[in-house]
Amino acid sequence: MVIGKQISKRMLFTALLGIAGCVSVTNVNFDSLYGSSSPDNRALLTASTSENHRFVAAAAEPILNSRCVVCHACYDAPCQLKMSSKEGIERGANKEKVYQGTRLTASSPNRLFFDAFEVQQWRDRGFYPVLNERAQTPTANTQASVIGRMLQLKQAHPLPDTKLLDNQFDLSLDRVQQCPTLEEMPSFEQQQPLAGMPYGLPALNAKEHHTLMQWLEAGAPLPSKKPLGSAFDVEIARWERFLNNDSLKAQLSARYIYEHLFAFHLYFTELTAASSPASYFELVRSRTPPGQPIELIASRRPFDDPGTSRVYYRFRHYSATIVDKTHIPYALDPQLLMKWQQWFIDADYKVDALPSYEASVAANPFDAFMQLPASSRYRFMLNRAQDTIMGFIKGPVCRGQVALNVINDRFWVYFVNPEYMNDTDFNHFYQSQLENLNMPAEEDSTALAVTWVKYAKKQGEYLRARNQFLNEKFKDGQRLSLEGIWDGNGSNDNASLTVFRHFDNATVVKGLVGSPPKTAWIIDYALLERIHYLLVAGFDVYGNYGHQLLTRLYMDFLRMEGESNFLTLLPQEERRKQLQDWYQDAGTQLTDYITGDINGFNQPTGELYYSSDFKSELFKKLGSKVAKVQPNRYRIENSTLNANSQALLRALARVKGQQATLLPELTMIMIEPSHGRNAELFTLVRNSAHKNISSLFSEESNRAQIHDDVTLVHGLLGSYPEAFWHIEEAQLAKVTAMVESLQTEDDYQALMDLVGVRRTNPAFWDFSDKLNQQFFANQPIESGWLDYNRLQNR
């Protein structure tokens with residue numbers, strides 16, 4: 001207690017000194033004040049395990065998570081400052097933007113835990129410290145620290161007492177980032193007094209600020225990694241034995257499994273109940289076998305040449321804070337291991353030689369894994385289809401407009417029955433199409449955009465061959481019908497998915513959520529594999545403009561292929577009508593393509609229809625097909641609110657047109673029930689309609705706002721809230737009426753005045769804490785900290 005008082009007085013003195021200096025001092029010689037900067041100055045401190053260090057670290061960590069990680073946790077973290085781990089904070093910041101779509105050459109990757117490990121290595125890569133790396137004294141630790149000075153700046157200049165922030169605050173995702181180094185801080189403090197942290201949000205309260213300043217004065221220690229225990233050692237050994245068997249069959253299978261799971265957070269279901277919170281692992285490539293320390297192979301892509309004759313697949317503990325936007329939990333249990341054994345080891349096939357890592361082979365999974373049965377590959381991805389799709393929806397990229405402005409805002413996904421893949425005809429067909437199935441990733445990370453012509457030609461040739469193959473297969477009275485759709489084997493709830501797009505990010509959930517959408521996809525093995533290798537395994541966020549453009553253009557083909565598969569279940573004339581509706585005002589070249597190459601399957605459907613609304617009837621048929629495995633997680637009926645309140649919520653979910661357009665992409669809602677029950681969480685998703693989504697530029701010109709609508713779900717959906725509403729159950733009727741009558745931005749502002757929790761609200765952090773903690777309690781495995789970089793200023 002005495003120590004705390006002494007720290008508090010010293011902290012107050014140094015804070016006042018620093019703030020006063022903001023007014024008049026623009027050039028400070030920090031070397032003369034606190035000594036020269038070097039990561040070595042922190043080495044002894046970070047190795048310390050004193051009781052005081054453990055205490056201040058434990059007190060600071062939840063504040064860092066709830067106030068800092070919510071903006072600083074991905075490639076799009078301002079100034080590349082990732083505060084979700086001790087290593088990220090010590091790495092520091094960098095002025096270079098990761099999301100730079102105009103760069104002509106690929107940049108060097110700077111992936112935390114992959115591309116460098118020592119602090120000095122990060123300094124050599126252009127990262128500068130945000131903690132004090134000079135003399136380790138309490139004064140230096142606050143005044144020679146970017147974080148310390150940013151926190152003090154916020155305390156000295158809190159948010160203006162206004163409803164909305166003015167133009168002094170640039171809250172756009174592509175804002176010019178100042179990213180001051182310590183030497184630039186005095187000038188920054190003079191010129192940007194309102195840019196303290198948390199930026200554009202309320203300041204920390206006195207207790208939180210005091211705790212973090214104590215933490216900084218103590219040298220900013222963070223909790224050390226706790227040993228996992230022998231039970232984890234046993235599980236890891238079991239899975240690593242399977243993945244590192246010496247047979248060629250096992251080596252090829254392990255390579256395939258790794259290239260599909262490298263972006264996931266793996267956890268052991270049998271140990272999760274005893275582990276709170278759950279412990280997650282990453283599957284990595286290593287030069288060293290199990291039992292030895294991991295010697296990481298840090299390649300750009302998971303299929304790049306490892307530079308060693310033997311690759312080992314190892315489990316590495318993931319110790320960073322879990323954030324929702326990059327969290328793809330993947331359960332490992334004995335049943336799954338048995339399936340892997342059945343699909344990849346016990347299956348009747350031979351591996352004569354391992355494929356090379358040449359780009360033309362490794363980037364084409366149909367070539368690299370030709371020897372693995374196609375049915376085994378498909379079942380592997382299909383068994384966890386949500387995770388497979390989530391790889392590109394929710395992977396480490398965090399800002400995916402390159403891939404996402406090529407999909408509709410909401411659509412349903414179904415899958416071809418894997419029993420079809422047991423037909424050897426399909427295996428032979430894929431082998432005959434290896435050249436046409438080449439993937440853009442073979443061009444590496446610095447590609448020429450004009451090469452898309454080559455891939456467009458190959459895709460056209462593949463589709464013509466595929467349609468010819470199907471026309472031959474379904475002739476003489478045979479018809480393609482719902483028999484070819486996977487029903488989850490009556491137990492797997494991955495049989496249908498709903499994909500939501502929220503402009504530059506997206507969400508994928510199990511089941512058919514919301515009313516029937518405009519479009520739907522049916523995905524077969526070849527399409528699912530290409531989606532993964534285009535947008536997950538083969539995509540490089542550090543790639544150049546050509547690489548990113550080529551990825552986007554190729555995804556156009558894949559979307560249309562999935563849509564075309566859905567259309568094959570409709571009568572032939574209806575297929576043409578739907579295409580005209582889906583691609584209004586599209587250019588003649590695209591129109592010729594979608595009515596020619598991509599939809600050349602000309603066999604009648606095997607389904608009988610009894611109404612003139614063919615698409616609605618097909619959706620009902622498909623719904624019946626997967627009804628047994630439909631999850632109920634997002635149903636409004638799950639709410640404990642009274643019947644009248646649920647009816648009002650269903651009315652809110654029917655909002656369309658102008659009313660929907662005025663709403664944010666993603667609104668997270670907390671409703672306080674009457675009679676003292678626990679608060680309930682809901683998400684209101686705006687679905688933006690388009691005349692077509694084939695245009696690379698000027699997406700806004702293709703908008704069809706009159707057809708905008710919303711989807712309301714029980715629970716939280718999405719990672720990037722744009723607005724928060726806090727509603728008393730008694731207010732629901734008024735709120736619903738206000739939403740139904742929205743006509744102008746002023747109307748929306750009035751709604752926010754009533755129930756909105758704006759970023760300027762003094763109670764913002766209290767609301768945020770309650771919402772996040774309830775999310776964690778409701779979904780302990782799937783949840784992670786939400787991201788506030790897209791919160792609107794409305």
# chains A, B, ... in the order shown; residues from 1 in each chain; ligands from 1
>>> residues_around(residues="A:Lys770", least_positions_apart="2", cutoff="12 Å", atoms="only C-alpha atoms", output="PyMOL selection string")
chain A and resi 66+669-672+678-681+726+763-768+772-777+785
>>> write_last_selection(atoms="C-alpha atoms", output="mmCIF file, in the first residue's frame")
data_model
loop_
_atom_site.group_PDB
_atom_site.id
_atom_site.type_symbol
_atom_site.label_atom_id
_atom_site.label_comp_id
_atom_site.auth_asym_id
_atom_site.auth_seq_id
_atom_site.Cartn_x
_atom_site.Cartn_y
_atom_site.Cartn_z
ATOM 1 C CA SER A 66 -10.914 -4.288 -23.116
ATOM 2 C CA ILE A 669 -28.337 -4.444 -29.546
ATOM 3 C CA MET A 670 -28.652 -5.038 -25.822
ATOM 4 C CA ILE A 671 -32.208 -5.277 -24.515
ATOM 5 C CA GLU A 672 -32.860 -5.005 -20.792
ATOM 6 C CA ASN A 678 -30.495 -10.777 -17.584
ATOM 7 C CA ALA A 679 -29.976 -8.527 -20.595
ATOM 8 C CA GLU A 680 -30.261 -10.162 -24.017
ATOM 9 C CA LEU A 681 -28.146 -9.525 -27.092
ATOM 10 C CA HIS A 726 -29.162 -0.139 -25.468
ATOM 11 C CA ALA A 763 -21.063 5.180 -20.394
ATOM 12 C CA PHE A 764 -19.526 3.680 -23.552
ATOM 13 C CA TRP A 765 -16.959 1.505 -21.783
ATOM 14 C CA ASP A 766 -19.415 0.227 -19.193
ATOM 15 C CA PHE A 767 -21.737 -0.844 -21.996
ATOM 16 C CA SER A 768 -18.832 -2.358 -23.932
ATOM 17 C CA ASN A 772 -18.384 -8.398 -24.383
ATOM 18 C CA GLN A 773 -18.586 -10.293 -21.109
ATOM 19 C CA GLN A 774 -22.062 -11.541 -21.946
ATOM 20 C CA PHE A 775 -20.797 -12.609 -25.364
ATOM 21 C CA PHE A 776 -18.010 -14.594 -23.675
ATOM 22 C CA ALA A 777 -20.480 -16.204 -21.289
ATOM 23 C CA TRP A 785 -13.016 -9.427 -28.249
#
>>> atom_distance(atom1="atom CA of A:Pro277", atom2="atom CA of A:Ser84")
15.7 Å
>>> closest_residue(among="A:Gln80, A:Asn489, A:Asn41, A:Ser230", to="A:Thr137", atoms="only C-alpha atoms")
A:Asn41
>>> closest_atom_pairs(of="stretch 486-546 of chain A", to="stretch 297-305 of chain A", cutoff="10 Å", atoms="only C-alpha atoms", output="JSON lines")
{"residue": "A:Tyr533", "atom": "CA", "partner": "A:Phe303", "partner_atom": "CA", "distance": 9.8}
{"residue": "A:Val536", "atom": "CA", "partner": "A:Arg301", "partner_atom": "CA", "distance": 9.1}
{"residue": "A:Ala537", "atom": "CA", "partner": "A:Arg301", "partner_atom": "CA", "distance": 6.2}
{"residue": "A:Gly538", "atom": "CA", "partner": "A:Arg301", "partner_atom": "CA", "distance": 6.4}
{"residue": "A:Phe539", "atom": "CA", "partner": "A:Arg301", "partner_atom": "CA", "distance": 7.8}
{"residue": "A:Asp540", "atom": "CA", "partner": "A:Arg300", "partner_atom": "CA", "distance": 7.2}
{"residue": "A:Val541", "atom": "CA", "partner": "A:Arg300", "partner_atom": "CA", "distance": 9.7}
{"residue": "A:Tyr542", "atom": "CA", "partner": "A:Arg300", "partner_atom": "CA", "distance": 9.0}
{"residue": "A:Gly543", "atom": "CA", "partner": "A:Arg300", "partner_atom": "CA", "distance": 9.8}
>>> write_last_selection(atoms="N, CA and C atoms", output="mmCIF file, in the first residue's frame")
data_model
loop_
_atom_site.group_PDB
_atom_site.id
_atom_site.type_symbol
_atom_site.label_atom_id
_atom_site.label_comp_id
_atom_site.auth_asym_id
_atom_site.auth_seq_id
_atom_site.Cartn_x
_atom_site.Cartn_y
_atom_site.Cartn_z
ATOM 1 N N TYR A 533 -7.923 -22.250 -51.826
ATOM 2 C CA TYR A 533 -6.580 -21.953 -52.326
ATOM 3 C C TYR A 533 -6.470 -20.577 -52.961
ATOM 4 N N VAL A 536 -7.444 -18.161 -49.122
ATOM 5 C CA VAL A 536 -6.836 -18.468 -47.826
ATOM 6 C C VAL A 536 -5.391 -18.908 -48.034
ATOM 7 N N ALA A 537 -5.200 -20.110 -48.566
ATOM 8 C CA ALA A 537 -3.840 -20.621 -48.718
ATOM 9 C C ALA A 537 -3.017 -19.801 -49.699
ATOM 10 N N GLY A 538 -3.654 -19.293 -50.764
ATOM 11 C CA GLY A 538 -2.900 -18.613 -51.804
ATOM 12 C C GLY A 538 -2.894 -17.110 -51.742
ATOM 13 N N PHE A 539 -3.641 -16.514 -50.796
ATOM 14 C CA PHE A 539 -3.715 -15.052 -50.768
ATOM 15 C C PHE A 539 -2.656 -14.481 -49.839
ATOM 16 N N ASP A 540 -1.990 -13.445 -50.298
ATOM 17 C CA ASP A 540 -0.936 -12.784 -49.527
ATOM 18 C C ASP A 540 -1.320 -11.324 -49.326
ATOM 19 N N VAL A 541 -1.634 -10.960 -48.093
ATOM 20 C CA VAL A 541 -2.041 -9.579 -47.809
ATOM 21 C C VAL A 541 -0.909 -8.603 -48.095
ATOM 22 N N TYR A 542 0.326 -9.097 -48.130
ATOM 23 C CA TYR A 542 1.475 -8.256 -48.444
ATOM 24 C C TYR A 542 1.781 -8.234 -49.940
ATOM 25 N N GLY A 543 0.933 -8.880 -50.738
ATOM 26 C CA GLY A 543 1.158 -8.930 -52.172
ATOM 27 C C GLY A 543 0.911 -7.599 -52.859
#
